[in-house]
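S.K.: Below is a structure I'd like to ask you about.
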Amino acid sequence: MASAASRVALGPALALVVNAFVWGVSWWPFRRLEAAGLHPLVATVLIYLLAVVVITLWRPISWRELLSCPSLWVIAIASGSTNAAFNWAVTIGDVVRVVLLFYLMPLWAVLLARVLLHERLTGAALLRVALALSGAVVILWPGEGGLWPLPRTLPEALGVVGGFSFALNNVMLRREAARTPGARALAMFFGGAAVAALLAGALHLQGMVPGLPAPAPGWIAGAFVMGLLFLVGNLALQYGATRLPANATAVIMLTEVVFASGSALLLGAGTLDAQLAAGGAAIVGAALLAARRGAH
């Protein structure tokens with residue numbers, strides 16, 4: 001029989017897996033919504049507005065904390081940029097490439113923690129930077145005629161931007177750990193709606209993003225269900241991350257790469273060749289080293 005301690009740890013671990021699964025397979029419903037005429041940026045606005053309404057009804061006092069704390073607005077912008085970039089990228093690009101570039105987080109996290117948390121740059125931290133950077137170079141290495149290993153498509157650029165924003169979001173959450181969970185969740189979901197709305201509005205004026213389609217049961221129900229799933233995923237993340245060591249949380253969250261890549265390869269939304277596999281292995285290795293760091 002499992003010990004009491006292992007049973008207690010199983011719940012938070014499963015909660016983190018639920019969060020990773022929701023995010024890992026979110027590309028599929030986003031593509032279905034786009035097929036119904038709902039652009040991923042517009043879908044993001046609707047999905048996160050639903051979560052904002054739920055949190056407001058549940059913890060209305062969270063608005064007072066959000067409005068009075070400038071650092072929570074940094075979290076809102078970082079979270080909003082993460083969601084807008086990631087949701088758009090996995091809808092229009094190769095899911096495997098996008099997710100692997102998104103997981104350059106160890107590279108950005110080391111640099112941001114140095115600037116914002118004044119953490120010392122250790123040899124292990126520099127090793128993670130070098131490993132993640134080498135993985136990115138391998139993935140982005142251009143074919144014939146190319147000179148620099150830089151993002152060459154919009155989805156690739158969005159994947160990199162999303163990963164940087166997510167690293168900033170995580171570093172700021174560590175910095176603002178004393179804030180209430182309700183205020184942090186409100187900041188993240190409000191930011192998710194606001195940034196996507198501003199970006200969608202600006203691109204709509206340029207004719208690059210369509211407006212809201214005519215009401216239809218399919219996309220309305222789809223957006224509503226996704227809003228609930230993302231809310232459940234966020235609550236599961238907060239539940240699991242506050243009850244498990246940081247290293248365990250980081251390792252479990254890497255299952256998102258498995259869920260995203262596996263589902264994309266199975267359903268034909270991504271490809272995997274030797275170059276991508278080698279670069280991805282280096283990036284995931286850097287993330288695992290970052291997780292191992294939490295044990296010491």
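A note on labels: chains of the structure tokens are A, B, ... as shown, every chain counts residues from 1, and ligands are counted from 1 in their shown order.
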I'd like the neighbourhood of segment 18-21 of chain A as a list in words, where a residue qualifies if any of its atoms comes within 9 Å (using only C-alpha atoms), though same-chain residues fewer than 2 positions away should be ignored.
M.R.: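 Residues near the query, excluding close chain neighbours: Ala13, Leu14, Ala15, Leu16, Trp23, Gly24, Val25, Ser26, Leu229, Phe230, Val232, Gly233, Asn234, Leu235, Ala236, Leu237, Ile252, Met253, Leu254, Thr255, Glu256, Val257, Val258, Phe259 and Ala260 of chain A.
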S.K.: Take the residues from that selection and put them in a file with C-alpha atoms, as a short mmCIF file (atom, residue, chain, number, x, y, z; two decimals), in the first residue's frame.
M.R.:
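Wrote result.cif, looks like this:
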```cif
data_model
loop_
_atom_site.label_atom_id
_atom_site.label_comp_id
_atom_site.auth_asym_id
_atom_site.auth_seq_id
_atom_site.Cartn_x
_atom_site.Cartn_y
_atom_site.Cartn_z
CA ALA A 13 1.10 15.83 -9.10
CA LEU A 14 -2.08 14.83 -10.94
CA ALA A 15 -3.26 18.45 -10.75
CA LEU A 16 -0.09 19.58 -12.53
CA TRP A 23 -2.18 23.46 -22.39
CA GLY A 24 -0.56 20.69 -24.40
CA VAL A 25 -3.65 19.83 -26.44
CA SER A 26 -5.17 23.34 -26.55
CA LEU A 229 -10.89 24.27 -18.91
CA PHE A 230 -8.26 27.01 -18.74
CA VAL A 232 -9.55 24.63 -14.06
CA GLY A 233 -6.00 24.29 -15.41
CA ASN A 234 -4.89 27.49 -13.68
CA LEU A 235 -6.42 26.44 -10.37
CA ALA A 236 -4.82 23.00 -10.75
CA LEU A 237 -1.45 24.66 -11.35
CA ILE A 252 5.90 17.42 -14.23
CA MET A 253 5.12 20.54 -16.26
CA LEU A 254 7.47 19.27 -18.96
CA THR A 255 4.79 16.69 -19.76
CA GLU A 256 3.19 19.54 -21.72
CA VAL A 257 5.88 18.98 -24.36
CA VAL A 258 4.87 15.30 -24.53
CA PHE A 259 1.14 16.05 -24.75
CA ALA A 260 1.59 18.79 -27.35
#
```
S.K.: Which residues of segment 185-279 of chain A sit at most 12 Å from segment 69-82 of chain A, using only C-alpha atoms? Give each one's shortest atom pair and distance in Å (one decimal place), in chain and ascending residue order, as CSV.
M.R.:
```
residue,atom,partner,partner_atom,distance
A:Ala185,CA,A:Ala76,CA,9.2
A:Leu186,CA,A:Ala76,CA,8.3
A:Ala187,CA,A:Ala76,CA,4.7
A:Met188,CA,A:Ala76,CA,4.9
A:Phe189,CA,A:Ala76,CA,7.4
A:Phe190,CA,A:Ala76,CA,6.6
A:Gly191,CA,A:Ala76,CA,4.0
A:Gly192,CA,A:Gly80,CA,3.6
A:Ala193,CA,A:Gly80,CA,6.8
A:Ala194,CA,A:Gly80,CA,6.9
A:Val195,CA,A:Gly80,CA,5.1
A:Ala196,CA,A:Gly80,CA,6.7
A:Ala197,CA,A:Gly80,CA,9.6
A:Leu198,CA,A:Gly80,CA,10.2
A:Leu199,CA,A:Ser81,CA,9.5
A:Asn234,CA,A:Ser79,CA,11.9
```
S.K.: Excluding same-chain residues fewer than 3 positions from Ile47 of chain A, what lies within 9 Å of it counting only C-alpha atoms, as a VMD selection string?
M.R.: chain A and resid 42 to 44 50 to 51 192 to 193 223 to 228 230
S.K.: Give the helix (DSSP H, G or I) residues of segment 84-250 of chain A, as assigned by DSSP on the backbone, as a VMD selection string.
M.R.: chain A and resid 84 to 92 95 to 102 105 to 116 123 to 140 154 to 175 181 to 205 217 to 241 246 to 250
S.K.: Please produce an output containing C-alpha atoms for each residue in the selection, written as a CSV table (one decimal), in the first residue's frame.
M.R.:
```csv
chain,number,residue,atom,x,y,z
A,84,ALA,CA,-1.6,35.7,-27.1
A,85,ALA,CA,1.7,34.5,-28.6
A,86,PHE,CA,1.3,30.8,-27.7
A,87,ASN,CA,-2.4,30.4,-28.7
A,88,TRP,CA,-1.8,32.2,-32.0
A,89,ALA,CA,1.4,30.3,-32.8
A,90,VAL,CA,0.0,26.7,-32.2
A,91,THR,CA,-3.1,27.6,-34.2
A,92,ILE,CA,-1.2,28.6,-37.4
A,95,VAL,CA,3.0,22.7,-33.1
A,96,VAL,CA,6.1,20.7,-32.3
A,97,ARG,CA,8.5,23.5,-33.4
A,98,VAL,CA,6.4,26.1,-31.6
A,99,VAL,CA,6.3,24.2,-28.3
A,100,LEU,CA,10.0,23.5,-28.3
A,101,LEU,CA,10.9,27.1,-29.0
A,102,PHE,CA,8.4,28.1,-26.3
A,105,MET,CA,12.3,29.3,-20.8
A,106,PRO,CA,15.4,28.2,-18.9
A,107,LEU,CA,17.5,30.6,-21.0
A,108,TRP,CA,15.2,33.6,-20.4
A,109,ALA,CA,14.5,32.6,-16.7
A,110,VAL,CA,18.3,32.7,-15.8
A,111,LEU,CA,18.7,36.1,-17.4
A,112,LEU,CA,15.5,37.6,-15.9
A,113,ALA,CA,16.2,36.2,-12.5
A,114,ARG,CA,19.5,37.9,-12.5
A,115,VAL,CA,18.0,41.3,-13.4
A,116,LEU,CA,14.8,41.1,-11.3
A,123,GLY,CA,28.2,27.7,-13.4
A,124,ALA,CA,25.1,25.5,-13.5
A,125,ALA,CA,23.0,28.5,-14.6
A,126,LEU,CA,25.4,29.3,-17.4
A,127,LEU,CA,25.3,25.6,-18.5
A,128,ARG,CA,21.6,25.8,-18.8
A,129,VAL,CA,21.8,28.9,-20.9
A,130,ALA,CA,24.4,27.3,-23.2
A,131,LEU,CA,22.3,24.1,-23.5
A,132,ALA,CA,19.1,25.9,-24.3
A,133,LEU,CA,20.8,28.3,-26.7
A,134,SER,CA,22.5,25.5,-28.5
A,135,GLY,CA,19.1,23.8,-28.9
A,136,ALA,CA,17.6,26.9,-30.3
A,137,VAL,CA,20.4,27.3,-32.8
A,138,VAL,CA,20.0,23.7,-34.0
A,139,ILE,CA,16.2,24.1,-34.5
A,140,LEU,CA,16.5,27.5,-36.2
A,154,LEU,CA,5.5,34.1,-37.6
A,155,PRO,CA,4.8,31.0,-35.5
A,156,GLU,CA,8.5,30.6,-34.7
A,157,ALA,CA,8.8,34.2,-33.6
A,158,LEU,CA,5.6,33.9,-31.6
A,159,GLY,CA,6.9,30.7,-29.9
A,160,VAL,CA,10.1,32.5,-28.8
A,161,VAL,CA,8.2,35.6,-27.6
A,162,GLY,CA,5.7,33.4,-25.7
A,163,GLY,CA,8.5,31.5,-24.0
A,164,PHE,CA,10.2,34.8,-22.9
A,165,SER,CA,6.9,36.2,-21.6
A,166,PHE,CA,6.2,33.0,-19.7
A,167,ALA,CA,9.7,33.1,-18.1
A,168,LEU,CA,9.0,36.7,-17.1
A,169,ASN,CA,5.6,35.7,-15.7
A,170,ASN,CA,7.1,32.9,-13.6
A,171,VAL,CA,9.9,35.1,-12.3
A,172,MET,CA,7.4,37.8,-11.3
A,173,LEU,CA,5.2,35.2,-9.6
A,174,ARG,CA,8.2,34.2,-7.5
A,175,ARG,CA,8.9,37.8,-6.7
A,181,PRO,CA,-3.8,33.6,-5.2
A,182,GLY,CA,-7.0,35.3,-6.3
A,183,ALA,CA,-5.1,38.5,-7.2
A,184,ARG,CA,-2.4,36.6,-9.0
A,185,ALA,CA,-5.0,34.6,-11.0
A,186,LEU,CA,-7.0,37.7,-11.8
A,187,ALA,CA,-3.8,39.5,-13.0
A,188,MET,CA,-3.0,36.5,-15.3
A,189,PHE,CA,-6.5,36.1,-16.8
A,190,PHE,CA,-7.2,39.8,-17.1
A,191,GLY,CA,-3.8,40.2,-18.8
A,192,GLY,CA,-4.7,37.3,-21.1
A,193,ALA,CA,-7.9,39.1,-22.2
A,194,ALA,CA,-6.5,42.6,-22.4
A,195,VAL,CA,-3.3,42.0,-24.3
A,196,ALA,CA,-5.1,39.7,-26.8
A,197,ALA,CA,-7.8,42.4,-27.2
A,198,LEU,CA,-5.3,45.2,-27.9
A,199,LEU,CA,-3.4,43.1,-30.4
A,200,ALA,CA,-6.5,41.8,-32.1
A,201,GLY,CA,-7.9,45.3,-32.3
A,202,ALA,CA,-4.7,46.8,-33.8
A,203,LEU,CA,-4.4,44.0,-36.4
A,204,HIS,CA,-8.1,44.2,-37.2
A,205,LEU,CA,-7.6,47.9,-38.2
A,217,PRO,CA,-23.7,27.6,-31.2
A,218,GLY,CA,-20.5,25.8,-32.2
A,219,TRP,CA,-18.0,28.5,-31.5
A,220,ILE,CA,-19.9,29.9,-28.6
A,221,ALA,CA,-20.0,26.6,-26.8
A,222,GLY,CA,-16.4,25.8,-27.8
A,223,ALA,CA,-15.1,29.1,-26.3
A,224,PHE,CA,-17.2,28.6,-23.2
A,225,VAL,CA,-15.8,25.1,-22.6
A,226,MET,CA,-12.2,26.2,-23.2
A,227,GLY,CA,-12.7,29.1,-20.8
A,228,LEU,CA,-13.7,26.7,-18.1
A,229,LEU,CA,-10.9,24.3,-18.9
A,230,PHE,CA,-8.3,27.0,-18.7
A,231,LEU,CA,-9.7,28.2,-15.4
A,232,VAL,CA,-9.5,24.6,-14.1
A,233,GLY,CA,-6.0,24.3,-15.4
A,234,ASN,CA,-4.9,27.5,-13.7
A,235,LEU,CA,-6.4,26.4,-10.4
A,236,ALA,CA,-4.8,23.0,-10.7
A,237,LEU,CA,-1.4,24.7,-11.4
A,238,GLN,CA,-1.8,26.8,-8.3
A,239,TYR,CA,-2.9,23.8,-6.2
A,240,GLY,CA,-0.1,21.6,-7.3
A,241,ALA,CA,2.7,24.1,-7.4
A,246,ALA,CA,9.8,23.4,-7.2
A,247,ASN,CA,11.9,20.8,-8.9
A,248,ALA,CA,9.1,18.3,-9.0
A,249,THR,CA,6.7,20.9,-10.4
A,250,ALA,CA,9.1,21.8,-13.2
```
S.K.: From the options A:Ala282, A:Val54, A:Ala264, A:Val45, which residue's atoms come nearest to Gly211 of chain A, counting only C-alpha atoms?
M.R.: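 Of all the options, A:Val45 lies closest to Gly211 of chain A.
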S.K.: Rank A:Arg120, A:Arg152, A:Ile55, A:Trp28 by their smallest atom-to-atom distance to Gly268 of chain A, using only C-alpha atoms, and report the top residue only.
M.R.: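 Closest to Gly268 of chain A of all the choices is A:Trp28.
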